[in-house]
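*Asks:* mmCIF, N, CA and C atoms, file data_22.cif:
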```
data_final
#
loop_
_atom_site.label_atom_id
_atom_site.label_comp_id
_atom_site.auth_asym_id
_atom_site.auth_seq_id
_atom_site.Cartn_x
_atom_site.Cartn_y
_atom_site.Cartn_z
N MET A 909 0.82 -1.20 0.00
CA MET A 909 0.00 0.00 0.00
C MET A 909 0.86 1.25 0.00
N LEU A 910 1.94 1.21 0.74
CA LEU A 910 2.83 2.36 0.83
C LEU A 910 3.50 2.62 -0.53
N ASN A 911 3.89 1.57 -1.20
CA ASN A 911 4.52 1.70 -2.50
C ASN A 911 3.55 2.32 -3.50
N HIS A 912 2.29 1.94 -3.46
CA HIS A 912 1.26 2.48 -4.35
C HIS A 912 1.07 3.98 -4.07
N THR A 913 1.05 4.38 -2.82
CA THR A 913 0.89 5.78 -2.45
C THR A 913 2.08 6.60 -2.91
N ALA A 914 3.28 6.05 -2.81
CA ALA A 914 4.48 6.76 -3.26
C ALA A 914 4.45 6.97 -4.77
N LYS A 915 3.95 5.97 -5.50
CA LYS A 915 3.86 6.11 -6.95
C LYS A 915 2.86 7.20 -7.32
N ILE A 916 1.74 7.22 -6.65
CA ILE A 916 0.72 8.25 -6.92
C ILE A 916 1.28 9.62 -6.60
N ALA A 917 2.01 9.75 -5.51
CA ALA A 917 2.58 11.04 -5.12
C ALA A 917 3.62 11.49 -6.14
N SER A 918 4.46 10.59 -6.61
CA SER A 918 5.49 10.98 -7.58
C SER A 918 4.86 11.37 -8.92
N VAL A 919 3.83 10.66 -9.33
CA VAL A 919 3.14 11.02 -10.57
C VAL A 919 2.45 12.37 -10.42
N SER A 920 1.88 12.62 -9.25
CA SER A 920 1.23 13.91 -9.00
C SER A 920 2.24 15.04 -9.05
N VAL A 921 3.41 14.83 -8.47
CA VAL A 921 4.45 15.86 -8.51
C VAL A 921 4.90 16.11 -9.95
N LEU A 922 5.00 15.06 -10.73
CA LEU A 922 5.40 15.20 -12.12
C LEU A 922 4.38 16.02 -12.90
N PHE A 923 3.08 15.74 -12.71
CA PHE A 923 2.04 16.50 -13.40
C PHE A 923 2.03 17.96 -12.95
N ILE A 924 2.24 18.21 -11.69
CA ILE A 924 2.27 19.59 -11.19
C ILE A 924 3.47 20.32 -11.79
N ALA A 925 4.62 19.66 -11.86
CA ALA A 925 5.81 20.29 -12.44
C ALA A 925 5.57 20.62 -13.91
N CYS A 926 4.93 19.71 -14.63
CA CYS A 926 4.64 19.98 -16.05
C CYS A 926 3.67 21.15 -16.19
N ALA A 927 2.70 21.22 -15.32
CA ALA A 927 1.71 22.31 -15.38
C ALA A 927 2.37 23.64 -15.07
N VAL A 928 3.32 23.64 -14.15
CA VAL A 928 4.00 24.89 -13.78
C VAL A 928 4.96 25.32 -14.87
N LEU A 929 5.69 24.39 -15.49
CA LEU A 929 6.70 24.72 -16.48
C LEU A 929 6.15 24.90 -17.90
N ALA A 930 4.94 24.46 -18.15
CA ALA A 930 4.36 24.55 -19.50
C ALA A 930 4.31 25.98 -20.03
N PRO A 931 3.89 26.97 -19.24
CA PRO A 931 3.87 28.33 -19.80
C PRO A 931 5.25 28.83 -20.20
N PHE A 932 6.30 28.41 -19.50
CA PHE A 932 7.65 28.86 -19.84
C PHE A 932 8.13 28.22 -21.14
N ALA A 933 7.74 26.99 -21.37
CA ALA A 933 8.14 26.32 -22.60
C ALA A 933 7.47 26.95 -23.81
N ALA A 934 6.26 27.44 -23.64
CA ALA A 934 5.53 28.05 -24.74
C ALA A 934 5.92 29.51 -24.94
N ALA A 935 6.73 30.07 -24.05
CA ALA A 935 7.05 31.50 -24.10
C ALA A 935 8.25 31.79 -24.99
N GLN A 936 8.63 30.89 -25.87
CA GLN A 936 9.74 31.17 -26.77
C GLN A 936 9.32 32.20 -27.79
N SER A 937 10.27 33.03 -28.18
CA SER A 937 9.94 34.07 -29.15
C SER A 937 9.78 33.44 -30.53
N PRO A 938 8.89 34.00 -31.32
CA PRO A 938 8.66 33.46 -32.67
C PRO A 938 9.86 33.76 -33.58
N PRO A 939 9.94 33.10 -34.71
CA PRO A 939 11.04 33.37 -35.65
C PRO A 939 11.00 34.83 -36.10
N MET A 940 12.18 35.40 -36.30
CA MET A 940 12.25 36.79 -36.70
C MET A 940 11.83 36.94 -38.16
N ASP A 941 10.99 37.92 -38.43
CA ASP A 941 10.50 38.17 -39.79
C ASP A 941 11.54 39.01 -40.54
N MET A 942 12.20 38.41 -41.51
CA MET A 942 13.21 39.12 -42.29
C MET A 942 12.73 39.41 -43.71
N SER A 943 11.44 39.28 -43.94
CA SER A 943 10.92 39.49 -45.29
C SER A 943 11.07 40.94 -45.74
N TRP A 944 11.22 41.86 -44.79
CA TRP A 944 11.42 43.27 -45.16
C TRP A 944 12.70 43.43 -45.99
N GLY A 945 13.73 42.62 -45.69
CA GLY A 945 14.98 42.72 -46.44
C GLY A 945 14.80 42.30 -47.89
N ILE A 946 14.05 41.24 -48.09
CA ILE A 946 13.80 40.78 -49.46
C ILE A 946 12.95 41.80 -50.20
N ARG A 947 11.93 42.34 -49.50
CA ARG A 947 11.07 43.35 -50.13
C ARG A 947 11.88 44.58 -50.52
N SER A 948 12.77 45.04 -49.63
CA SER A 948 13.54 46.24 -49.96
C SER A 948 14.50 45.97 -51.11
N GLN A 949 15.12 44.78 -51.16
CA GLN A 949 15.98 44.45 -52.28
C GLN A 949 15.20 44.45 -53.59
N MET A 950 14.00 43.89 -53.57
CA MET A 950 13.16 43.88 -54.77
C MET A 950 12.78 45.30 -55.17
N GLN A 951 12.49 46.14 -54.18
CA GLN A 951 12.13 47.52 -54.46
C GLN A 951 13.31 48.28 -55.08
N TYR A 952 14.51 48.09 -54.52
CA TYR A 952 15.69 48.76 -55.08
C TYR A 952 15.99 48.26 -56.49
N GLN A 953 15.81 46.97 -56.71
CA GLN A 953 16.03 46.43 -58.05
C GLN A 953 15.04 47.05 -59.04
N ALA A 954 13.78 47.17 -58.62
CA ALA A 954 12.76 47.77 -59.49
C ALA A 954 13.09 49.24 -59.77
N GLN A 955 13.60 49.96 -58.77
CA GLN A 955 13.97 51.36 -58.99
C GLN A 955 15.12 51.47 -59.99
N GLY A 956 16.11 50.60 -59.85
CA GLY A 956 17.23 50.60 -60.79
C GLY A 956 16.79 50.24 -62.20
N ASP A 957 15.92 49.25 -62.30
CA ASP A 957 15.39 48.87 -63.61
C ASP A 957 14.64 50.02 -64.25
N ALA A 958 13.82 50.71 -63.47
CA ALA A 958 13.04 51.85 -63.99
C ALA A 958 13.97 52.97 -64.45
N ALA A 959 15.02 53.24 -63.68
CA ALA A 959 15.96 54.29 -64.08
C ALA A 959 16.68 53.91 -65.38
N ALA A 960 17.07 52.64 -65.50
CA ALA A 960 17.74 52.19 -66.73
C ALA A 960 16.80 52.28 -67.92
N ARG A 961 15.53 51.87 -67.73
CA ARG A 961 14.56 51.97 -68.82
C ARG A 961 14.33 53.42 -69.22
N ALA A 962 14.22 54.31 -68.25
CA ALA A 962 13.99 55.72 -68.55
C ALA A 962 15.17 56.32 -69.31
N THR A 963 16.37 55.97 -68.93
CA THR A 963 17.56 56.48 -69.63
C THR A 963 17.60 55.94 -71.06
N ALA A 964 17.34 54.64 -71.21
CA ALA A 964 17.35 54.06 -72.55
C ALA A 964 16.27 54.68 -73.43
N MET A 965 15.09 54.90 -72.89
CA MET A 965 14.00 55.50 -73.67
C MET A 965 14.32 56.95 -74.03
N ALA A 966 14.96 57.68 -73.13
CA ALA A 966 15.33 59.07 -73.44
C ALA A 966 16.32 59.09 -74.61
N TYR A 967 17.29 58.21 -74.59
CA TYR A 967 18.26 58.12 -75.68
C TYR A 967 17.55 57.72 -76.99
N TYR A 968 16.66 56.73 -76.89
CA TYR A 968 15.93 56.26 -78.07
C TYR A 968 15.09 57.39 -78.67
N ARG A 969 14.37 58.13 -77.82
CA ARG A 969 13.54 59.23 -78.32
C ARG A 969 14.40 60.34 -78.93
N TYR A 970 15.55 60.61 -78.33
CA TYR A 970 16.45 61.63 -78.88
C TYR A 970 16.95 61.22 -80.26
N MET A 971 17.32 59.94 -80.39
CA MET A 971 17.76 59.45 -81.70
C MET A 971 16.62 59.50 -82.71
N GLN A 972 15.39 59.22 -82.29
CA GLN A 972 14.25 59.32 -83.21
C GLN A 972 14.06 60.76 -83.68
N GLN A 973 14.23 61.71 -82.76
CA GLN A 973 14.11 63.12 -83.13
C GLN A 973 15.19 63.50 -84.16
N LEU A 974 16.42 63.04 -83.90
CA LEU A 974 17.50 63.34 -84.84
C LEU A 974 17.22 62.73 -86.21
N ARG A 975 16.73 61.48 -86.22
CA ARG A 975 16.43 60.82 -87.49
C ARG A 975 15.28 61.55 -88.21
N ALA A 976 14.28 61.99 -87.44
CA ALA A 976 13.16 62.72 -88.05
C ALA A 976 13.62 64.05 -88.62
N ALA A 977 14.67 64.63 -88.02
CA ALA A 977 15.19 65.91 -88.51
C ALA A 977 16.17 65.72 -89.67
N GLY A 978 16.43 64.45 -90.07
CA GLY A 978 17.27 64.21 -91.23
C GLY A 978 18.65 63.68 -90.91
N TYR A 979 18.97 63.41 -89.70
CA TYR A 979 20.30 62.87 -89.35
C TYR A 979 20.40 61.45 -89.84
N THR A 980 21.45 61.16 -90.60
CA THR A 980 21.61 59.82 -91.17
C THR A 980 22.87 59.12 -90.71
N GLY A 981 23.61 59.74 -89.83
CA GLY A 981 24.87 59.16 -89.37
C GLY A 981 24.65 58.04 -88.36
N PRO A 982 25.74 57.56 -87.80
CA PRO A 982 25.64 56.47 -86.82
C PRO A 982 24.99 56.97 -85.53
N SER A 983 24.59 56.04 -84.73
CA SER A 983 24.02 56.41 -83.43
C SER A 983 25.06 57.16 -82.62
N LEU A 984 24.60 58.09 -81.83
CA LEU A 984 25.51 58.88 -81.01
C LEU A 984 26.09 58.02 -79.90
N PRO A 985 27.31 58.31 -79.50
CA PRO A 985 27.92 57.51 -78.43
C PRO A 985 27.14 57.70 -77.12
N THR A 986 27.00 56.62 -76.40
CA THR A 986 26.24 56.65 -75.15
C THR A 986 27.12 56.89 -73.94
N GLY A 987 28.43 56.82 -74.13
CA GLY A 987 29.33 56.94 -72.98
C GLY A 987 29.71 55.59 -72.42
N VAL A 988 29.04 54.54 -72.88
CA VAL A 988 29.37 53.19 -72.43
C VAL A 988 30.33 52.59 -73.45
N THR A 989 31.54 52.32 -72.99
CA THR A 989 32.54 51.69 -73.85
C THR A 989 32.97 50.37 -73.21
N ASN A 990 33.75 49.60 -73.94
CA ASN A 990 34.28 48.36 -73.36
C ASN A 990 35.10 48.65 -72.10
N GLU A 991 35.88 49.73 -72.17
CA GLU A 991 36.74 50.07 -71.03
C GLU A 991 35.91 50.51 -69.82
N SER A 992 34.88 51.33 -70.06
CA SER A 992 34.08 51.79 -68.93
C SER A 992 33.27 50.64 -68.32
N LEU A 993 32.79 49.75 -69.17
CA LEU A 993 32.05 48.60 -68.68
C LEU A 993 32.97 47.68 -67.87
N ARG A 994 34.18 47.44 -68.39
CA ARG A 994 35.14 46.60 -67.68
C ARG A 994 35.52 47.24 -66.34
N ALA A 995 35.71 48.56 -66.35
CA ALA A 995 36.07 49.26 -65.11
C ALA A 995 34.95 49.17 -64.08
N SER A 996 33.70 49.27 -64.52
CA SER A 996 32.59 49.19 -63.56
C SER A 996 32.45 47.78 -63.00
N ILE A 997 32.68 46.77 -63.85
CA ILE A 997 32.61 45.38 -63.38
C ILE A 997 33.73 45.12 -62.39
N ASN A 998 34.94 45.60 -62.70
CA ASN A 998 36.06 45.42 -61.78
C ASN A 998 35.82 46.12 -60.45
N ALA A 999 35.26 47.31 -60.51
CA ALA A 999 34.96 48.04 -59.27
C ALA A 999 33.92 47.31 -58.44
N ALA A 1000 32.91 46.75 -59.09
CA ALA A 1000 31.89 45.99 -58.36
C ALA A 1000 32.50 44.74 -57.74
N ASN A 1001 33.37 44.06 -58.49
CA ASN A 1001 34.04 42.87 -57.94
C ASN A 1001 34.92 43.23 -56.75
N GLN A 1002 35.66 44.32 -56.87
CA GLN A 1002 36.54 44.73 -55.78
C GLN A 1002 35.73 45.12 -54.54
N ALA A 1003 34.60 45.79 -54.76
CA ALA A 1003 33.75 46.15 -53.63
C ALA A 1003 33.20 44.90 -52.95
N GLY A 1004 32.78 43.92 -53.75
CA GLY A 1004 32.29 42.67 -53.16
C GLY A 1004 33.37 41.93 -52.40
N GLN A 1005 34.58 41.90 -52.96
CA GLN A 1005 35.68 41.23 -52.28
C GLN A 1005 36.06 41.95 -51.00
N ALA A 1006 36.04 43.29 -51.02
CA ALA A 1006 36.35 44.06 -49.81
C ALA A 1006 35.30 43.81 -48.74
N TYR A 1007 34.04 43.72 -49.15
CA TYR A 1007 32.97 43.44 -48.19
C TYR A 1007 33.16 42.06 -47.57
N ASN A 1008 33.42 41.06 -48.43
CA ASN A 1008 33.64 39.71 -47.91
C ASN A 1008 34.84 39.66 -46.99
N ARG A 1009 35.91 40.35 -47.32
CA ARG A 1009 37.10 40.37 -46.47
C ARG A 1009 36.79 41.04 -45.13
N ALA A 1010 36.02 42.12 -45.15
CA ALA A 1010 35.66 42.80 -43.91
C ALA A 1010 34.82 41.88 -43.02
N GLN A 1011 33.90 41.12 -43.64
CA GLN A 1011 33.09 40.19 -42.86
C GLN A 1011 33.95 39.08 -42.27
N PHE A 1012 34.90 38.58 -43.05
CA PHE A 1012 35.82 37.55 -42.57
C PHE A 1012 36.65 38.08 -41.41
N ASP A 1013 37.21 39.29 -41.57
CA ASP A 1013 38.04 39.87 -40.51
C ASP A 1013 37.23 40.07 -39.24
N ASN A 1014 36.00 40.54 -39.38
CA ASN A 1014 35.14 40.74 -38.21
C ASN A 1014 34.83 39.41 -37.53
N SER A 1015 34.58 38.38 -38.31
CA SER A 1015 34.33 37.06 -37.74
C SER A 1015 35.56 36.56 -36.99
N GLN A 1016 36.74 36.77 -37.57
CA GLN A 1016 37.98 36.35 -36.90
C GLN A 1016 38.17 37.10 -35.59
N ARG A 1017 37.89 38.42 -35.60
CA ARG A 1017 38.02 39.20 -34.36
C ARG A 1017 37.09 38.68 -33.28
N ARG A 1018 35.85 38.39 -33.67
CA ARG A 1018 34.89 37.87 -32.68
C ARG A 1018 35.33 36.50 -32.16
N SER A 1019 35.78 35.64 -33.06
CA SER A 1019 36.22 34.32 -32.65
C SER A 1019 37.44 34.41 -31.74
N ASN A 1020 38.39 35.26 -32.12
CA ASN A 1020 39.59 35.42 -31.31
C ASN A 1020 39.26 36.00 -29.94
N THR A 1021 38.30 36.91 -29.89
CA THR A 1021 37.90 37.50 -28.62
C THR A 1021 37.28 36.44 -27.71
N ALA A 1022 36.40 35.62 -28.27
CA ALA A 1022 35.78 34.56 -27.47
C ALA A 1022 36.83 33.55 -27.00
N TYR A 1023 37.76 33.21 -27.88
CA TYR A 1023 38.83 32.27 -27.51
C TYR A 1023 39.71 32.87 -26.42
N ASP A 1024 40.06 34.16 -26.58
CA ASP A 1024 40.91 34.81 -25.59
C ASP A 1024 40.22 34.86 -24.24
N TYR A 1025 38.92 35.18 -24.24
CA TYR A 1025 38.17 35.20 -22.98
C TYR A 1025 38.18 33.82 -22.33
N ASP A 1026 37.96 32.79 -23.16
CA ASP A 1026 37.97 31.43 -22.62
C ASP A 1026 39.31 31.09 -22.01
N MET A 1027 40.37 31.39 -22.71
CA MET A 1027 41.70 31.01 -22.23
C MET A 1027 42.11 31.81 -21.00
N ARG A 1028 41.84 33.12 -20.98
CA ARG A 1028 42.33 33.95 -19.88
C ARG A 1028 41.39 33.98 -18.70
N ALA A 1029 40.10 34.22 -18.95
CA ALA A 1029 39.17 34.40 -17.84
C ALA A 1029 38.71 33.08 -17.25
N ILE A 1030 38.47 32.09 -18.10
CA ILE A 1030 37.91 30.84 -17.60
C ILE A 1030 39.03 29.86 -17.21
N ARG A 1031 40.03 29.72 -18.05
CA ARG A 1031 41.08 28.74 -17.78
C ARG A 1031 42.25 29.31 -16.98
N GLY A 1032 42.33 30.64 -16.87
CA GLY A 1032 43.38 31.26 -16.07
C GLY A 1032 44.74 31.27 -16.73
N CYS A 1033 44.81 31.22 -18.04
CA CYS A 1033 46.09 31.22 -18.75
C CYS A 1033 46.62 32.65 -18.89
N THR A 1034 47.91 32.74 -19.14
CA THR A 1034 48.54 34.03 -19.38
C THR A 1034 48.85 34.14 -20.87
N ARG A 1035 48.46 35.26 -21.45
CA ARG A 1035 48.66 35.48 -22.88
C ARG A 1035 50.06 36.02 -23.11
N TYR A 1036 50.73 35.54 -24.17
CA TYR A 1036 52.04 36.07 -24.55
C TYR A 1036 52.14 36.10 -26.07
N VAL A 1037 53.07 36.90 -26.56
CA VAL A 1037 53.36 36.99 -27.98
C VAL A 1037 54.83 36.64 -28.16
N ASP A 1038 55.12 35.66 -29.02
CA ASP A 1038 56.52 35.25 -29.20
C ASP A 1038 57.22 36.19 -30.19
N GLN A 1039 58.51 35.92 -30.45
CA GLN A 1039 59.32 36.81 -31.28
C GLN A 1039 58.84 36.85 -32.73
N TYR A 1040 57.99 35.91 -33.14
CA TYR A 1040 57.45 35.90 -34.50
C TYR A 1040 56.08 36.55 -34.60
N GLY A 1041 55.57 37.07 -33.49
CA GLY A 1041 54.27 37.74 -33.48
C GLY A 1041 53.11 36.81 -33.27
N ARG A 1042 53.37 35.54 -32.96
CA ARG A 1042 52.29 34.58 -32.73
C ARG A 1042 51.81 34.69 -31.29
N VAL A 1043 50.52 34.60 -31.11
CA VAL A 1043 49.93 34.67 -29.77
C VAL A 1043 49.85 33.28 -29.19
N GLY A 1044 50.22 33.15 -27.93
CA GLY A 1044 50.13 31.86 -27.25
C GLY A 1044 49.65 32.07 -25.82
N TYR A 1045 49.38 30.98 -25.14
CA TYR A 1045 48.91 31.03 -23.77
C TYR A 1045 49.75 30.07 -22.94
N ALA A 1046 50.12 30.52 -21.76
CA ALA A 1046 50.96 29.71 -20.87
C ALA A 1046 50.28 29.56 -19.52
N GLY A 1047 50.68 28.53 -18.79
CA GLY A 1047 50.20 28.34 -17.45
C GLY A 1047 48.79 27.78 -17.36
N CYS A 1048 48.36 27.08 -18.38
CA CYS A 1048 47.00 26.54 -18.37
C CYS A 1048 46.95 25.21 -17.65
#
```
Translate the structure described by the file into structure tokens.

*Replies:*
Amino acid sequence: MLNHTAKIASVSVLFIACAVLAPFAAAQSPPMDMSWGIRSQMQYQAQGDAAARATAMAYYRYMQQLRAAGYTGPSLPTGVTNESLRASINAANQAGQAYNRAQFDNSQRRSNTAYDYDMRAIRGCTRYVDQYGRVGYAGC
């Protein structure tokens, strides 16, 4: 009889614990909505497309006016050459590479900071720099 009562008491405690902890388990924050970033990228792309279309149409209409006025020569230069196009592509590539490098460097700084905190504050090691500039830890 005593064993049966102990089982009932332990099951009751388990149910009470679940009832008390259930609201905390459900209190997790929902996933963060990042759709605004995609929407803004789409909006900026649409703005760039509209600006490019407007520029192309302005050039096209100007050439139509010249042709209507009797101009028979070649199309007027647009300012876009192989060199300018190559330069803009190279600049975009360099900007992307610089951004990626900055992100990598920032990640390394964060990782090194966490590692340094672990080694010095938690493990009690002493940080040193050898004659080659390498960082090490002693006394761990």

*Asks:* Quick check for you: according to DSSP on this backbone, which residues of chain A are classed as alpha helix (DSSP H)? Reply as a VMD selection string.

*Replies:* chain A and resid 910 to 933 943 to 976 990 to 1025

*Asks:* Using CA of Gly987 in chain A and CA of Tyr970 in chain A as the two end points, give the distance in Å to one decimal.

*Replies:*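 The value is 14.9 Å.
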
*Asks:* To one decimal place, how far is CA of Ala1006 in chain A from CA of Ala960 in chain A in Å?

*Replies:*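 Distance reported for this atom pair: 26.4 Å.
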
*Asks:* Could you list as an mmCIF file with N, CA and C atoms, in the frame of the given file every residue that has an atom within 6 Å of (51.2, 32.7, -22.9), using the file's coordinates and counting all atoms listed in the file?

*Replies:*
```
data_model
loop_
_atom_site.group_PDB
_atom_site.id
_atom_site.type_symbol
_atom_site.label_atom_id
_atom_site.label_comp_id
_atom_site.auth_asym_id
_atom_site.auth_seq_id
_atom_site.Cartn_x
_atom_site.Cartn_y
_atom_site.Cartn_z
ATOM 1 N N THR A 1034 47.910 32.740 -19.140
ATOM 2 C CA THR A 1034 48.540 34.030 -19.380
ATOM 3 C C THR A 1034 48.850 34.140 -20.870
ATOM 4 N N ARG A 1035 48.460 35.260 -21.450
ATOM 5 C CA ARG A 1035 48.660 35.480 -22.880
ATOM 6 C C ARG A 1035 50.060 36.020 -23.110
ATOM 7 N N TYR A 1036 50.730 35.540 -24.170
ATOM 8 C CA TYR A 1036 52.040 36.070 -24.550
ATOM 9 C C TYR A 1036 52.140 36.100 -26.070
ATOM 10 N N VAL A 1037 53.070 36.900 -26.560
ATOM 11 C CA VAL A 1037 53.360 36.990 -27.980
ATOM 12 C C VAL A 1037 54.830 36.640 -28.160
ATOM 13 N N GLY A 1044 50.220 33.150 -27.930
ATOM 14 C CA GLY A 1044 50.130 31.860 -27.250
ATOM 15 C C GLY A 1044 49.650 32.070 -25.820
ATOM 16 N N TYR A 1045 49.380 30.980 -25.140
ATOM 17 C CA TYR A 1045 48.910 31.030 -23.770
ATOM 18 C C TYR A 1045 49.750 30.070 -22.940
ATOM 19 N N ALA A 1046 50.120 30.520 -21.760
ATOM 20 C CA ALA A 1046 50.960 29.710 -20.870
ATOM 21 C C ALA A 1046 50.280 29.560 -19.520
ATOM 22 N N GLY A 1047 50.680 28.530 -18.790
ATOM 23 C CA GLY A 1047 50.200 28.340 -17.450
ATOM 24 C C GLY A 1047 48.790 27.780 -17.360
#
```
